[in-house]
Amino acid sequence: MSSAAIDPQPDAERALSTPALVVDLDEFESNVAAMTVLLRGTGKTVRPHVKTHRTPELARRQLGESAVGITCATVGEAEAMVEAGIEDVLIANEVVEPRKIARLAALARRSRIAVAVDDQEPVAAISQEAARIGVTIGVLIDVDVLLHRCGVASAADAVALARVIERLPSLRLRGIMGYEGRLRLGDHDRAGRIARAYAAMEEVVAALRTAGFAVDVVSGAGTSTLREALADPTITEIQAGVYALMEPELLNLDLPFRCAVTIRGTVISRHPGRIVLDIGRRVVGMEYGPPLPVGFAATDIAISDEHARITMADPLPALGTQLDMLPGQIRTTFNLHDEVWVSRGGQLIDRWPISARGSSQ
Amino acid sequence: MHDPAPLITEAHDRVRALYRPAIGRSREELTTPALLLDLGTLRANLDLMAAGMRDVPTTLRAHVKVHKSPHIARMEVEHGAIGVGCATVWEAIVMARAGISDVFVINEVVGEEKARALALLAREADVKTAVDDALQVDELSSAAVAAGSSIGVLIDVDEGMHRCGVASSQEALPLARRIADSPGLRFMGLTGYEGHCSLEFDETKRHAMAREAMGLLTGIAADLAAAGLPCQIVSAAGTGTWGVTSRYPGVTEIQPGSYATMDGHHRGLDPRFGWAVTVLASVISRRPDRIVLDAGSKTVGASHGVIKGWDLETYRFDEEHSIFLANDKTPLTTGDKVEILCNYTPFAIGYFEAYHVLEDGKVVDIWPVMPRGPESRWLLDMLERGE
């Protein structure tokens with residue numbers, strides 16, 4: 001698949017209406033290139049998690065030397081990405097509803113599809129639907145290595161599920177996945193928990209191989225645990241997503257990635273010692289705290305639904321001034337927008353649709 | 001109220017086509033996660049508000065920023081609302097095209113493009129907005145003159161939230177004069193939002209805070225009247241304070257929004273209103289000690305929620321999942337559907353494009369969430385093309 005050329009007639013003469021999401025393409029490309037350099041010689045690949053931005057134009061630009069396919073969290077995301085021409089998709093999540101299983105199988109007609117499983121019944125339903133329409137679906141056994149969310153809890157359970165998969169038509173066991181990428185710097189016993197997660201994955205891989213199963217893929221990790229994953233011999237594929245756009249909280253990990261996304265607002269009200277921007281919780285994800293100022297200093301930031309109240313020293317910017325902020329949580333922020341503006345060299349050059357916005361089904 | 005314009009009927013047709021298989025189905029048969037709107041509960045909420053407004057000297061202006069639904073807004077007007085309040089010019093365009101003739105953007109509008117949108121809309125509807133600075137007044141006046149329309153302007157008063165708004169009569173007076181003297185603008189009065197009161201769950205304290213805020217607001221209105229600038233409209237209140245403000249002498253209208261759809265936060269302030277909006281989720285993984293749902297912070301929102309009808313402790317909310325503690329006696333299994341009662345519904349609504357509208361347990365219609373924005377400049381393009 002070739003990477004798409006930038007729209008030769010961009011809509012950039014048109015004024016940007018705030019609040020607006022802006023991606024700096026130079027920074028984004030630099031992050032994608034830095035990931036390629038990190039992976040070179042390790043024998044590992046990255047499978048970019050596109051739930052981060054739900055934007056096909058960004059997803060396509062993350063593929064290349066170190067990435068042959070993408071990771072999705074929902075069938076809806078996968079549909080939007082396959083529609084955009086992406087040919088290799090892992091849905092790193094359990095799919096159990098019959099109508100979603102039908103959509104999953106339909107996708108396998110157009111793309112190489114794999115899905116996470118942790119239970120016999122959905123596995124049987126996926127096999128039945130795949131066989132009915134004549135496709136093959138790859139499966140990864142989801143192992144609960146840290147999160148206490150989805151996933152089988154032991155090597156014995158994984159082997160039992162592999163035996164079920166083996167007997168069913170139209171499924172191909174590709175390997176396992178386990179996700180420890182949520183651990184952040186400063187989390188209690190971070191190193192120990194990562195080590196135990198990798199040990200658990202290694203134990204499951206060994207048990208499966210002893211039982212005669214091929215395990216080609218061991219998928220896991222995120223941007224937060226990238227360095228540990230690169231050093232681990234078991235992991236073959238890294239599901240990181242945030243690395244391409246970054247979040248301020250992850251900058252202290254000392255990775256070669258820089259923040260590439262800002263949200264632009266307008267000063268709509270101004271009073272002694274404070275200004276109000278049109279950036280509120282309806283347009284910016286707040287799970288990791290309020291957005292941070294870019295190019296101006298604030299002593300306090302209070303965010304309500306439609307407003308950011310910024311307490312700051314004189315001189316206050318004039319009413320109508322556009323200011324940029326760094327979103328703390330880019331994944332939920334992208335999910336609140338229909339499109340993202342694209343800048344290069346400080347100039348707005350295009351707008352891309354966030355096609356998979358809201359595709360949580 | 002006029003009939004909805006093609007803008008609304010086309011959006012309605014689009015989501016109906018997209019979710020056609022859901023129509024006629026019960027909750028248990030829907031694809032998840034889905035945003036549910038229970039029509040019976042919504043009607044009961046609107047009836048309750050209408051009853052509360054019957055013997056008070058104020059009128060109801062329904063704030064639509066929570067639900068962003070032209071269909072719910074029309075029902076609110078049918079239940080006695082004089083018009084709607086909006087947070088953005090884009091919401092105002094959608095609501096006017098839904099057939100609602102009185103639309104008030106209760107927010108500061110800054111920027112030539114948004115002023116132009118309001119001015120063009122004012123050709124077809126009674127459009128009002130809020131200001132707290134001379135610059136906004138001048139921008140709106142220029143836009144209205146260019147469009148040949150007239151915009152109603154209210155001064156935003158800071159009632160204690162310390163966000164937007166003027167804080168005193170000294171600030172309000174010159175601004176009111178400037179509005180009154182500006183071509184294309186009509187000075188209509190004052191608006192304020194005592195949002196700081198809605199963080200106080202002690203009703204006695206909250207009501208006292210609301211009275212103090214109304215004292216400030218109506219005091220400024222009295223000063224303006226004494227200076228020859230009478231306020232036709234004095235607008236205030238939210239779901240947490242409407243009981244006090246709707247009766248406060250000198251206030252002419254209230255602007256609550258959450259009362260229609262409700263959520264955990266607002267039920268803590270006024271439990272008489274019911275949960276009309278919920279998020280339907282499926283159990284996608286069943287472990288011995290827990291259940292995992294396919295709705296997390298990317299559908300329910302950052303302020304999370306609880307499961308309706310089940311007393312299960314929240315273990316964690318992730319982006320695509322929520323996890324609740326369960327044991328082997330909890331009769332929930334993979335594929336089961338549950339409803340999540342959101343602590344703060346606006347966040348959930350922002351993540352969906354449509355409501356599954358339920359009546360007597362069956363989906364009877366699909367309604368669009370509109371405008372989803374914030375990238376809604378196409379609505380200005382539409383007005384400029386004269387459509």
# chains A, B, ... in the order shown; residues from 1 in each chain; ligands from 1
>>> interface_residues(of="chain A", to="chain B", cutoff="8 Å", atoms="only C-alpha atoms", output="VMD selection string")
chain A and resid 17 to 20 73 94 to 97 99 to 100 118 to 119 149 to 151 266 to 271 276 281 to 283 285 to 287 306 309 319 to 320 332 335 to 339 357 to 358 360 to 361
>>> residues_around(residues="range 12-21 of chain B", least_positions_apart="4", cutoff="9 Å", atoms="only C-alpha atoms", output="PyMOL selection string")
chain B and resi 7-8+25+30+353-354+356+365-368
>>> write_last_selection(atoms="C-alpha atoms", output="mmCIF file, in the first residue's frame")
data_model
loop_
_atom_site.group_PDB
_atom_site.id
_atom_site.type_symbol
_atom_site.label_atom_id
_atom_site.label_comp_id
_atom_site.auth_asym_id
_atom_site.auth_seq_id
_atom_site.Cartn_x
_atom_site.Cartn_y
_atom_site.Cartn_z
ATOM 1 C CA LEU B 7 -30.918 19.779 7.566
ATOM 2 C CA ILE B 8 -32.662 18.019 10.452
ATOM 3 C CA ARG B 25 -35.878 -4.390 19.024
ATOM 4 C CA LEU B 30 -29.174 -4.152 20.552
ATOM 5 C CA GLU B 353 -23.786 10.139 17.018
ATOM 6 C CA ALA B 354 -27.326 8.979 17.820
ATOM 7 C CA HIS B 356 -31.706 4.764 20.458
ATOM 8 C CA ASP B 365 -36.750 5.642 16.571
ATOM 9 C CA ILE B 366 -33.132 6.786 16.183
ATOM 10 C CA TRP B 367 -32.435 10.487 16.803
ATOM 11 C CA PRO B 368 -29.238 12.294 15.770
#
>>> closest_residue(among="A:Leu16, A:Val32, A:Ala124, A:Val294", to="Val164 in chain A", atoms="only C-alpha atoms")
A:Ala124
>>> residues_around(residues="Arg211 in chain B", least_positions_apart="4", cutoff="9 Å", atoms="only C-alpha atoms", output="ChimeraX atom specification")
/B:206-207,215-216,244-245,248
>>> write_last_selection(atoms="C-alpha atoms", output="short mmCIF file (atom, residue, chain, number, x, y, z; two decimals), in the first residue's frame")
data_model
loop_
_atom_site.label_atom_id
_atom_site.label_comp_id
_atom_site.auth_asym_id
_atom_site.auth_seq_id
_atom_site.Cartn_x
_atom_site.Cartn_y
_atom_site.Cartn_z
CA ARG B 206 -27.10 25.92 47.82
CA HIS B 207 -30.31 27.90 47.93
CA GLY B 215 -29.34 39.50 44.42
CA LEU B 216 -26.24 40.52 42.47
CA VAL B 244 -35.04 29.23 43.90
CA THR B 245 -34.30 31.30 40.82
CA TYR B 248 -36.82 35.19 42.57
#
>>> residues_around(residues="Arg54 in chain A", least_positions_apart="5", cutoff="8 Å", atoms="only C-alpha atoms", output="PyMOL selection string")
chain A and resi 59+77+334-335+354-357
>>> write_last_selection(atoms="N, CA and C atoms", output="compact mmCIF listing (two decimals), in the first residue's frame")
# COMPACT_ATOMS: atom_id res chain seq x y z
N ALA A 59 -3.09 6.60 10.41
CA ALA A 59 -2.77 5.16 10.49
C ALA A 59 -1.92 4.73 9.31
N GLU A 77 -13.82 0.44 14.55
CA GLU A 77 -12.53 1.04 14.16
C GLU A 77 -11.93 0.26 12.99
N PHE A 334 -9.34 12.96 20.58
CA PHE A 334 -9.65 12.70 19.16
C PHE A 334 -11.09 12.23 19.01
N ASN A 335 -11.58 11.47 19.98
CA ASN A 335 -12.93 10.90 19.87
C ASN A 335 -14.02 11.96 20.04
N ILE A 354 -11.59 12.30 11.11
CA ILE A 354 -11.40 11.28 12.15
C ILE A 354 -12.52 10.28 11.91
N SER A 355 -12.34 9.48 10.86
CA SER A 355 -13.43 8.66 10.32
C SER A 355 -14.01 7.69 11.34
N ALA A 356 -13.16 7.22 12.24
CA ALA A 356 -13.64 6.21 13.20
C ALA A 356 -14.08 6.86 14.51
N ARG A 357 -14.30 8.18 14.48
CA ARG A 357 -14.82 8.83 15.69
C ARG A 357 -16.12 8.14 16.13
>>> select_by_dssp(residues="range 73-137 of chain A", states="helix (DSSP H, G or I)", output="PyMOL selection string")
chain A and resi 75-83+98-107+120-133
>>> write_last_selection(atoms="C-alpha atoms", output="tab-separated table (two decimals), in the first residue's frame")
chain	number	residue	atom	x	y	z
A	75	VAL	CA	-14.88	-3.81	15.10
A	76	GLY	CA	-16.09	-0.32	14.14
A	77	GLU	CA	-12.53	1.04	14.16
A	78	ALA	CA	-11.39	-1.92	12.07
A	79	GLU	CA	-14.15	-1.29	9.51
A	80	ALA	CA	-13.10	2.35	9.10
A	81	MET	CA	-9.44	1.36	8.69
A	82	VAL	CA	-10.11	-1.47	6.20
A	83	GLU	CA	-12.35	0.92	4.27
A	98	PRO	CA	-23.42	-12.32	17.12
A	99	ARG	CA	-23.90	-9.26	14.91
A	100	LYS	CA	-20.37	-8.05	15.64
A	101	ILE	CA	-18.97	-11.51	14.89
A	102	ALA	CA	-20.74	-11.35	11.52
A	103	ARG	CA	-19.09	-7.97	10.83
A	104	LEU	CA	-15.71	-9.34	11.94
A	105	ALA	CA	-15.99	-12.26	9.52
A	106	ALA	CA	-17.09	-9.95	6.70
A	107	LEU	CA	-13.93	-7.88	7.28
A	120	GLN	CA	-14.82	-21.08	24.39
A	121	GLU	CA	-18.27	-19.87	23.41
A	122	PRO	CA	-17.24	-16.80	21.42
A	123	VAL	CA	-14.45	-18.86	19.82
A	124	ALA	CA	-17.04	-21.37	18.58
A	125	ALA	CA	-19.31	-18.59	17.31
A	126	ILE	CA	-16.43	-16.90	15.44
A	127	SER	CA	-15.41	-20.22	13.87
A	128	GLN	CA	-18.98	-20.98	12.79
A	129	GLU	CA	-19.45	-17.59	11.12
A	130	ALA	CA	-16.02	-17.68	9.44
A	131	ALA	CA	-16.73	-21.17	8.08
A	132	ARG	CA	-20.20	-20.11	6.91
A	133	ILE	CA	-18.86	-17.32	4.70
>>> residues_around(residues="Gly345 in chain A", least_positions_apart="5", cutoff="10 Å", atoms="only C-alpha atoms", output="PyMOL selection string")
chain A and resi 24-27
>>> residues_around(residues="Gln170 in chain B", least_positions_apart="3", cutoff="12 Å", atoms="only C-alpha atoms", output="list of chain:residue names")
B:Val157, B:Val166, B:Ala167, B:Leu173, B:Pro174, B:Leu175, B:Ala176, B:Arg177, B:Gly219, B:Ile220, B:Ala221, B:Asp223, B:Leu224, B:Ala227
>>> write_last_selection(atoms="C-alpha atoms", output="PDB file, in the first residue's frame")
ATOM      1  CA  VAL B 157     -22.914  38.703  34.583  1.00  0.00           C
ATOM      2  CA  VAL B 166     -18.986  41.434  34.123  1.00  0.00           C
ATOM      3  CA  ALA B 167     -18.957  41.656  37.914  1.00  0.00           C
ATOM      4  CA  LEU B 173     -23.553  50.303  32.329  1.00  0.00           C
ATOM      5  CA  PRO B 174     -21.144  51.457  29.588  1.00  0.00           C
ATOM      6  CA  LEU B 175     -21.523  48.077  27.891  1.00  0.00           C
ATOM      7  CA  ALA B 176     -25.343  48.345  27.904  1.00  0.00           C
ATOM      8  CA  ARG B 177     -25.124  51.869  26.436  1.00  0.00           C
ATOM      9  CA  GLY B 219     -29.299  44.518  41.544  1.00  0.00           C
ATOM     10  CA  ILE B 220     -27.379  45.202  38.318  1.00  0.00           C
ATOM     11  CA  ALA B 221     -30.674  45.021  36.386  1.00  0.00           C
ATOM     12  CA  ASP B 223     -29.147  49.930  38.270  1.00  0.00           C
ATOM     13  CA  LEU B 224     -29.438  49.648  34.487  1.00  0.00           C
ATOM     14  CA  ALA B 227     -30.016  54.632  34.118  1.00  0.00           C
TER      15      ALA B 227
END
>>> select_by_dssp(residues="range 136-382 of chain B", states="strand (DSSP E)", output="ChimeraX atom specification")
/B:151-157,185-192,233-236,253-254,277-287,290-293,305-307,314-317,322-325,337-342,354-359,362-368
>>> residues_around(residues="Asp270 in chain B", least_positions_apart="4", cutoff="10 Å", atoms="only C-alpha atoms", output="list in words")
Phe201, Glu203, Thr239, Gly240, Thr241, Trp242, Gly243, Tyr259, Met262, Gly264, His265, His266 and Gly274 of chain B
>>> atom_distance(atom1="CA of Val215 in chain A", atom2="CA of Gly175 in chain A")
4.4 Å
>>> closest_residue(among="A:Gly178, A:Gly212, A:Pro290, A:Gly64", to="Val152 in chain A", atoms="only C-alpha atoms")
A:Gly178
